[in-house]
Every structure is written in structure tokens, then in C-alpha cells.
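Worksheet: the structure to be examined is printed underneath.
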Amino acid sequence: ASMRRQARIVIVGHVDHGKSTLIGRLLNDTQSLPDGKVEAVREMSRRRGMPFEWSFVMDALQAERDQGITIDTTQIHFRTKQRPYVIIDAPGHTEFLKNMVTGASSADAALLVIDAGEGALEQSRRHAYLLHLLGVKQVAVIVNKMDMVEFSQDRFDDVSAEIRAYLNEIGVAPGVIVPISARHGDNVVTRSENLPWFKGPTLVEALDAFKPVASEDELPLRLPIQDVYKPDERRILAGRIETGRLRVGDTLHFSPINRTAKIVSIEAWNRETAITATAGQSIGITLDQRIFVERGHVASLVSQRPIESHRLTVRLFWLASNPLTAGKTYTLKLATAEHRVSVEKIIEVLNIDDLTAGSADKVSRNEIADVVLHSRSLVAVDLAIDLPRTGRGVLLDGNDVVGGFVVTQADAVDARN
Ligand code: GDP
């Protein structure tokens, strides 16, 4: 069998519903922890007179990372018999929502963890809606702490029905709903005798059933320029190919400067020069003409350019304690580009519990709203429905991320040639 591609997952859910415990358990039961790690954490808990928690294992990994002992700074890895996984966010810290808003779109799939005793609370629903907003299509619902409800099938059915109804309403198809106990390991990696009535998969089987995400190579080319290097007489434009592919000899269009040039060479890091490059690769290219390209410009093929716009309608998730109001200005960050934007209009604010929309003059923390943004400089942008990777971004206030958004509409300026 060939090496299967690594799957990127995100684990979401209400605080205390067991996400960290689940991660500790998952790492342990898939033999993905360094030797002696669990023993060391058990010993540390004993010395401090605290009962052992699986979440401490994750905290310990996190602490090592903060000290820079491990190289990888944000990600937790494990593997099943099927394939390798990376959990692209560690919940439980204040940055979680922010990371989710700024990073979850690159997740292939998500686990939504719900406490069997408490059911889906407002935060569970908000996270589910965020997954929907960010285009994460494969979601498994995990009903955790089944040991606290005596592994009751009735309770599981009630919680399942409730969350299924909500997911249906927002247009997310839950792949599967799995009852587990993260603390005791029931149905995480090993099938549990405590859940004889459950005929579905274990959590790991549910993960392994996620489809690898469709290749992004076939989509229109988007190469946001990250840097321009001048090692000698050459100018090398560097960036990560978000979607599509390119090859030497292709004519590229650069937005929003509206210039074209041909690719003379492709320089892939750690490799000989290449003839082609595809989505996911970080590359450098040289061109046949000296045109003024800088960080933030977007290369595409001439026939499939991004929209160039001064006015965007976005669906926004607001993270800051200061509300967003009309007239305020922020920095809009889209791929590698930054633009000053002002809030032209708040169209409506969405109530996360019943999904009703209403007019409002401000957007408060943790609210979702449709908002019109205006930029004096021309923004190269895609609609999220066409190209999710370049159709979403964040708003900054100073250096702080204050909101995440997907672009739902963009008024194109007239084509100039
Ligand atoms: P998080 O905030 O979602 O990361 O939740 P934690 O993983 O920190 O768990 C919160 C509390 O729930 C901790 O005290 C855990 O020990 C407890 N917990 C987590 N999973 C289970 C479970 O399956 N059964 C029981 N009884 N407690 C659990």
C-alpha cells in the first residue's frame, strides 16, 4: 500500500466537554506518544496530589512546545493503521476560536465533541456553525462522557437527534455520531463492551472513513506572492500555491496591478529547479519581464483571474470584545495581502441559537454578521463558494485578529483590458 496522505483535523466543542481528554486518550491508544510520557505525567500528578487527567498529557506536550523543545510549533500528530493525522489546533486556550477562524479552513474534517449529560449547548452550536462557515464539510459528532449517563442508549439518541436537527438546519451533514468515553477509552480506538447497542464505528474508524479531501490542483491557479528576493541579477517571486498548478512557459497575470509575464523558471526549495508545481507547494519563480510585483499580489492564469474589487460583502465571525460598528476601519488580510478597509454597512446579525437574522447597528463578540467592507485600494479576491482558500480572510485591529470572514460577494471593477 502506498503512503496515504496525512489528514488534517480540528476538534471543536463546548469547554469542558472533553476535547483535551479525547486528544490525550487518542494519542495514547494509537501509541503516538513518546515513550514514558504518560508515566511521567502520572508521576507528576501524584507528586502534586492531583488526580491524573488525560488532558495533562496534552498540556505537557504544549509546555515542551512553548519552550521550543520540539520543532513543530502548533500541531499534534498521531497515526492509525489507515493513515497519519495532524490535529491542527489544540483546544482549551483562549486563542482557540481565533485559531479556528484563522486556520480551520485547511482542515479536512472535524470532530464536534458534545457532553452526553449536557447535550449541545450554545457554544457547541456556534462551533458547528463556524465549521459550516469555514467550509469544513466532513464532521463527525462525538457524544462523550457516556460513562456519566450509564452508557444509556436513550440519552445518546436524544442528544443525537438534537444535534442532527441543528446540523441539518445549517446544511452540515454529520457523517456519523459516535458515543464514547474519552476518560475510560470506550469506543475511541477499542470497541466497548459498555456500548453493545451501538453498531456504528469507533471514533478512529469514523476518522479513517473520512475521504481524503479533493485535490486542489484542479482548481484555478492562485499564487499569492509572499516575498520577492534578489539574490543576484534575478528577481525571485516566492509564495505558496494555494490552488491550481503552473509550469515554465505559462503566462501569469498579476492582480491587482494588471500586468502579465511568462514564467522562465520554477525554483522549488530543497530541490533542483522544476518544470511544474502544484497546490500546496512553496516555490519561487522568475519571469521574462521586470514588472513591479510585491508581497500581496496574486498570480493567476490570464483566463481565470481573481475578482478585483473595492467593495466586498463578507460573512463575518467577530472575536473582539470591542464591537464592530459602521464607519470603523480595520486591516483586511487576505492570503498575503493587507488592505485598509472601512465598514460601510452591517446588513444583518445572525442569532446562533435559532438562526434568525435581524438588523443591528453593531456586531458583538462571538456574533456572526453579514457586513459590507470598502477598500480604497483594489483587492484581488475570490468568492468563498468558488475558491474557499482565497475567498476567506481575517480583520485586524492593530496587530490583533478581531474577526474572520468568508467573502460572499464582490463588486468587480470594470475589466481594464
Ligand atoms: P475540554 O475543555 O473540552 O478540553 O475538556 P477536558 O478534556 O479538559 O475535560 C473536562 C473535564 O471532563 C475533565 O475533568 C475530564 O476529566 C472530564 N472528562 C472528559 N472526558 C470524560 C469522560 O469520558 N468521562 C468522564 N467521566 N469525564 C470526562
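By order in the C-alpha cells, chains are A, B, ...; within a chain, residues start at 1; ligands start at 1, following the order shown.
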Counting only C-alpha atoms, what is within 12 Å of Gln153 of chain A, bar same-chain residues fewer than 2 positions away, as a PDB file with N, CA and C atoms, in the first residue's frame?
ATOM      1  N   ALA A 116     -22.425  14.053  26.877  1.00  0.00           N
ATOM      2  CA  ALA A 116     -23.686  13.301  26.838  1.00  0.00           C
ATOM      3  C   ALA A 116     -24.672  13.826  27.869  1.00  0.00           C
ATOM      4  N   VAL A 143     -20.312  11.988  20.966  1.00  0.00           N
ATOM      5  CA  VAL A 143     -21.043  12.152  22.228  1.00  0.00           C
ATOM      6  C   VAL A 143     -20.181  11.530  23.318  1.00  0.00           C
ATOM      7  N   MET A 146     -20.037   9.115  28.027  1.00  0.00           N
ATOM      8  CA  MET A 146     -21.146   8.155  28.106  1.00  0.00           C
ATOM      9  C   MET A 146     -21.132   7.421  29.442  1.00  0.00           C
ATOM     10  N   ASP A 147     -19.958   7.322  30.093  1.00  0.00           N
ATOM     11  CA  ASP A 147     -19.890   6.678  31.417  1.00  0.00           C
ATOM     12  C   ASP A 147     -20.703   7.456  32.451  1.00  0.00           C
ATOM     13  N   VAL A 149     -23.578   8.842  31.951  1.00  0.00           N
ATOM     14  CA  VAL A 149     -25.018   8.618  31.762  1.00  0.00           C
ATOM     15  C   VAL A 149     -25.310   7.118  31.667  1.00  0.00           C
ATOM     16  N   GLU A 150     -24.478   6.350  32.361  1.00  0.00           N
ATOM     17  CA  GLU A 150     -24.641   4.884  32.413  1.00  0.00           C
ATOM     18  C   GLU A 150     -24.731   4.249  31.029  1.00  0.00           C
ATOM     19  N   PHE A 151     -23.992   4.841  30.080  1.00  0.00           N
ATOM     20  CA  PHE A 151     -23.942   4.304  28.709  1.00  0.00           C
ATOM     21  C   PHE A 151     -25.345   4.114  28.140  1.00  0.00           C
ATOM     22  N   ARG A 155     -30.360   8.232  26.169  1.00  0.00           N
ATOM     23  CA  ARG A 155     -29.734   9.545  26.278  1.00  0.00           C
ATOM     24  C   ARG A 155     -28.954   9.862  24.993  1.00  0.00           C
ATOM     25  N   PHE A 156     -28.227   8.868  24.497  1.00  0.00           N
ATOM     26  CA  PHE A 156     -27.464   9.050  23.258  1.00  0.00           C
ATOM     27  C   PHE A 156     -28.402   9.436  22.108  1.00  0.00           C
ATOM     28  N   ASP A 157     -29.534   8.747  22.015  1.00  0.00           N
ATOM     29  CA  ASP A 157     -30.485   9.029  20.925  1.00  0.00           C
ATOM     30  C   ASP A 157     -31.025  10.453  21.026  1.00  0.00           C
ATOM     31  N   ASP A 158     -31.304  10.896  22.253  1.00  0.00           N
ATOM     32  CA  ASP A 158     -31.813  12.268  22.434  1.00  0.00           C
ATOM     33  C   ASP A 158     -30.788  13.305  21.983  1.00  0.00           C
ATOM     34  N   VAL A 159     -29.549  13.139  22.462  1.00  0.00           N
ATOM     35  CA  VAL A 159     -28.501  14.108  22.111  1.00  0.00           C
ATOM     36  C   VAL A 159     -28.259  14.075  20.600  1.00  0.00           C
ATOM     37  N   SER A 160     -28.258  12.876  20.028  1.00  0.00           N
ATOM     38  CA  SER A 160     -28.027  12.730  18.584  1.00  0.00           C
ATOM     39  C   SER A 160     -29.097  13.450  17.780  1.00  0.00           C
ATOM     40  N   VAL A 178     -20.909   9.228  17.195  1.00  0.00           N
ATOM     41  CA  VAL A 178     -20.276   8.111  17.913  1.00  0.00           C
ATOM     42  C   VAL A 178     -20.320   8.350  19.420  1.00  0.00           C
ATOM     43  N   PRO A 179     -20.875   7.401  20.195  1.00  0.00           N
ATOM     44  CA  PRO A 179     -20.821   7.516  21.650  1.00  0.00           C
ATOM     45  C   PRO A 179     -19.474   6.999  22.165  1.00  0.00           C
ATOM     46  N   ILE A 180     -18.837   7.777  23.055  1.00  0.00           N
ATOM     47  CA  ILE A 180     -17.552   7.337  23.601  1.00  0.00           C
ATOM     48  C   ILE A 180     -17.434   7.746  25.062  1.00  0.00           C
ATOM     49  N   ASN A 194     -19.273  -1.789  26.974  1.00  0.00           N
ATOM     50  CA  ASN A 194     -20.302  -0.995  27.664  1.00  0.00           C
ATOM     51  C   ASN A 194     -21.332  -0.417  26.706  1.00  0.00           C
ATOM     52  N   LEU A 195     -21.075  -0.524  25.411  1.00  0.00           N
ATOM     53  CA  LEU A 195     -21.978   0.065  24.412  1.00  0.00           C
ATOM     54  C   LEU A 195     -22.421  -0.996  23.405  1.00  0.00           C
ATOM     55  N   PRO A 196     -22.958  -2.122  23.907  1.00  0.00           N
ATOM     56  CA  PRO A 196     -23.283  -3.238  22.999  1.00  0.00           C
ATOM     57  C   PRO A 196     -24.363  -2.868  21.986  1.00  0.00           C
ATOM     58  N   TRP A 197     -25.213  -1.887  22.336  1.00  0.00           N
ATOM     59  CA  TRP A 197     -26.308  -1.477  21.449  1.00  0.00           C
ATOM     60  C   TRP A 197     -25.828  -0.642  20.285  1.00  0.00           C
ATOM     61  N   PHE A 198     -24.598  -0.150  20.341  1.00  0.00           N
ATOM     62  CA  PHE A 198     -24.125   0.731  19.271  1.00  0.00           C
ATOM     63  C   PHE A 198     -23.433  -0.066  18.184  1.00  0.00           C
ATOM     64  N   LYS A 199     -24.004  -0.003  16.977  1.00  0.00           N
ATOM     65  CA  LYS A 199     -23.482  -0.832  15.893  1.00  0.00           C
ATOM     66  C   LYS A 199     -22.553  -0.048  14.950  1.00  0.00           C
TER      67      LYS A 199
END
**Request:** Check which residues fall inside 8 Å of ligand 1 when counting only C-alpha atoms and all ligand atoms, and print them as a PyMOL selection string.
**Result:** chain A and resi 12-23+53-55+91-92+113+144-148+180-185
Given only C-alpha atoms, how would the per-residue table for segment 341-362 of chain A near segment 302-321 of chain A read, listing every residue at most 10 Å away with its closest atom pair and distance in Å to one decimal, sorted by chain and number, as a Markdown table?
| residue | atom | partner | partner_atom | distance |
| --- | --- | --- | --- | --- |
| A:Val341 | CA | A:His310 | CA | 9.1 |
| A:Ser342 | CA | A:Arg311 | CA | 9.8 |
| A:Val343 | CA | A:Arg311 | CA | 10.0 |
| A:Glu344 | CA | A:Arg311 | CA | 8.8 |
| A:Lys345 | CA | A:Thr313 | CA | 9.3 |
| A:Ile346 | CA | A:Thr313 | CA | 9.6 |
| A:Ile347 | CA | A:Thr313 | CA | 9.1 |
| A:Glu348 | CA | A:Arg315 | CA | 9.7 |
| A:Val349 | CA | A:Leu316 | CA | 9.3 |
| A:Leu350 | CA | A:Arg315 | CA | 9.8 |
Once you have the residues from the selection above, write them out as a PDB file, in the first residue's frame, restricted to N, CA and C atoms.
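Saved as part_12.pdb:
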ATOM      1  N   VAL A 341      -9.541  48.835   5.284  1.00  0.00           N
ATOM      2  CA  VAL A 341     -10.946  48.819   4.882  1.00  0.00           C
ATOM      3  C   VAL A 341     -11.784  49.535   5.925  1.00  0.00           C
ATOM      4  N   SER A 342     -12.907  50.068   5.466  1.00  0.00           N
ATOM      5  CA  SER A 342     -13.855  50.621   6.428  1.00  0.00           C
ATOM      6  C   SER A 342     -15.162  49.844   6.326  1.00  0.00           C
ATOM      7  N   VAL A 343     -15.872  49.795   7.433  1.00  0.00           N
ATOM      8  CA  VAL A 343     -17.155  49.095   7.466  1.00  0.00           C
ATOM      9  C   VAL A 343     -18.196  50.025   6.875  1.00  0.00           C
ATOM     10  N   GLU A 344     -18.701  49.650   5.697  1.00  0.00           N
ATOM     11  CA  GLU A 344     -19.666  50.509   5.031  1.00  0.00           C
ATOM     12  C   GLU A 344     -21.054  50.300   5.614  1.00  0.00           C
ATOM     13  N   LYS A 345     -21.350  49.019   5.941  1.00  0.00           N
ATOM     14  CA  LYS A 345     -22.722  48.716   6.344  1.00  0.00           C
ATOM     15  C   LYS A 345     -22.775  47.361   7.049  1.00  0.00           C
ATOM     16  N   ILE A 346     -23.579  47.284   8.088  1.00  0.00           N
ATOM     17  CA  ILE A 346     -23.884  45.976   8.681  1.00  0.00           C
ATOM     18  C   ILE A 346     -25.235  45.563   8.110  1.00  0.00           C
ATOM     19  N   ILE A 347     -25.254  44.512   7.316  1.00  0.00           N
ATOM     20  CA  ILE A 347     -26.514  44.112   6.678  1.00  0.00           C
ATOM     21  C   ILE A 347     -27.430  43.450   7.699  1.00  0.00           C
ATOM     22  N   GLU A 348     -26.910  42.409   8.367  1.00  0.00           N
ATOM     23  CA  GLU A 348     -27.691  41.795   9.446  1.00  0.00           C
ATOM     24  C   GLU A 348     -26.816  40.945  10.336  1.00  0.00           C
ATOM     25  N   VAL A 349     -27.316  40.688  11.532  1.00  0.00           N
ATOM     26  CA  VAL A 349     -26.608  39.858  12.502  1.00  0.00           C
ATOM     27  C   VAL A 349     -27.421  38.581  12.706  1.00  0.00           C
ATOM     28  N   LEU A 350     -26.701  37.459  12.749  1.00  0.00           N
ATOM     29  CA  LEU A 350     -27.354  36.163  12.828  1.00  0.00           C
ATOM     30  C   LEU A 350     -27.392  35.671  14.271  1.00  0.00           C
TER      31      LEU A 350
END
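Of the listed residues (A:Glu216, A:Asp59, A:Glu233, A:Asp29), A:Asp29 comes nearest to Val188 of chain A; the distances count only C-alpha atoms.
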Per residue of segment 144-221 of chain A within 10 Å of segment 243-253 of chain A, record the nearest atom pair and its distance in Å to one decimal, counting only C-alpha atoms, with rows in chain order and ascending residue number, as CSV.
residue,atom,partner,partner_atom,distance
A:Ser215,CA,A:Thr243,CA,8.9
A:Glu216,CA,A:Thr243,CA,5.2
A:Asp217,CA,A:Gly244,CA,4.1
A:Glu218,CA,A:Gly244,CA,5.4
A:Leu219,CA,A:Gly244,CA,4.9
A:Pro220,CA,A:Gly244,CA,5.0
A:Leu221,CA,A:Gly244,CA,3.9
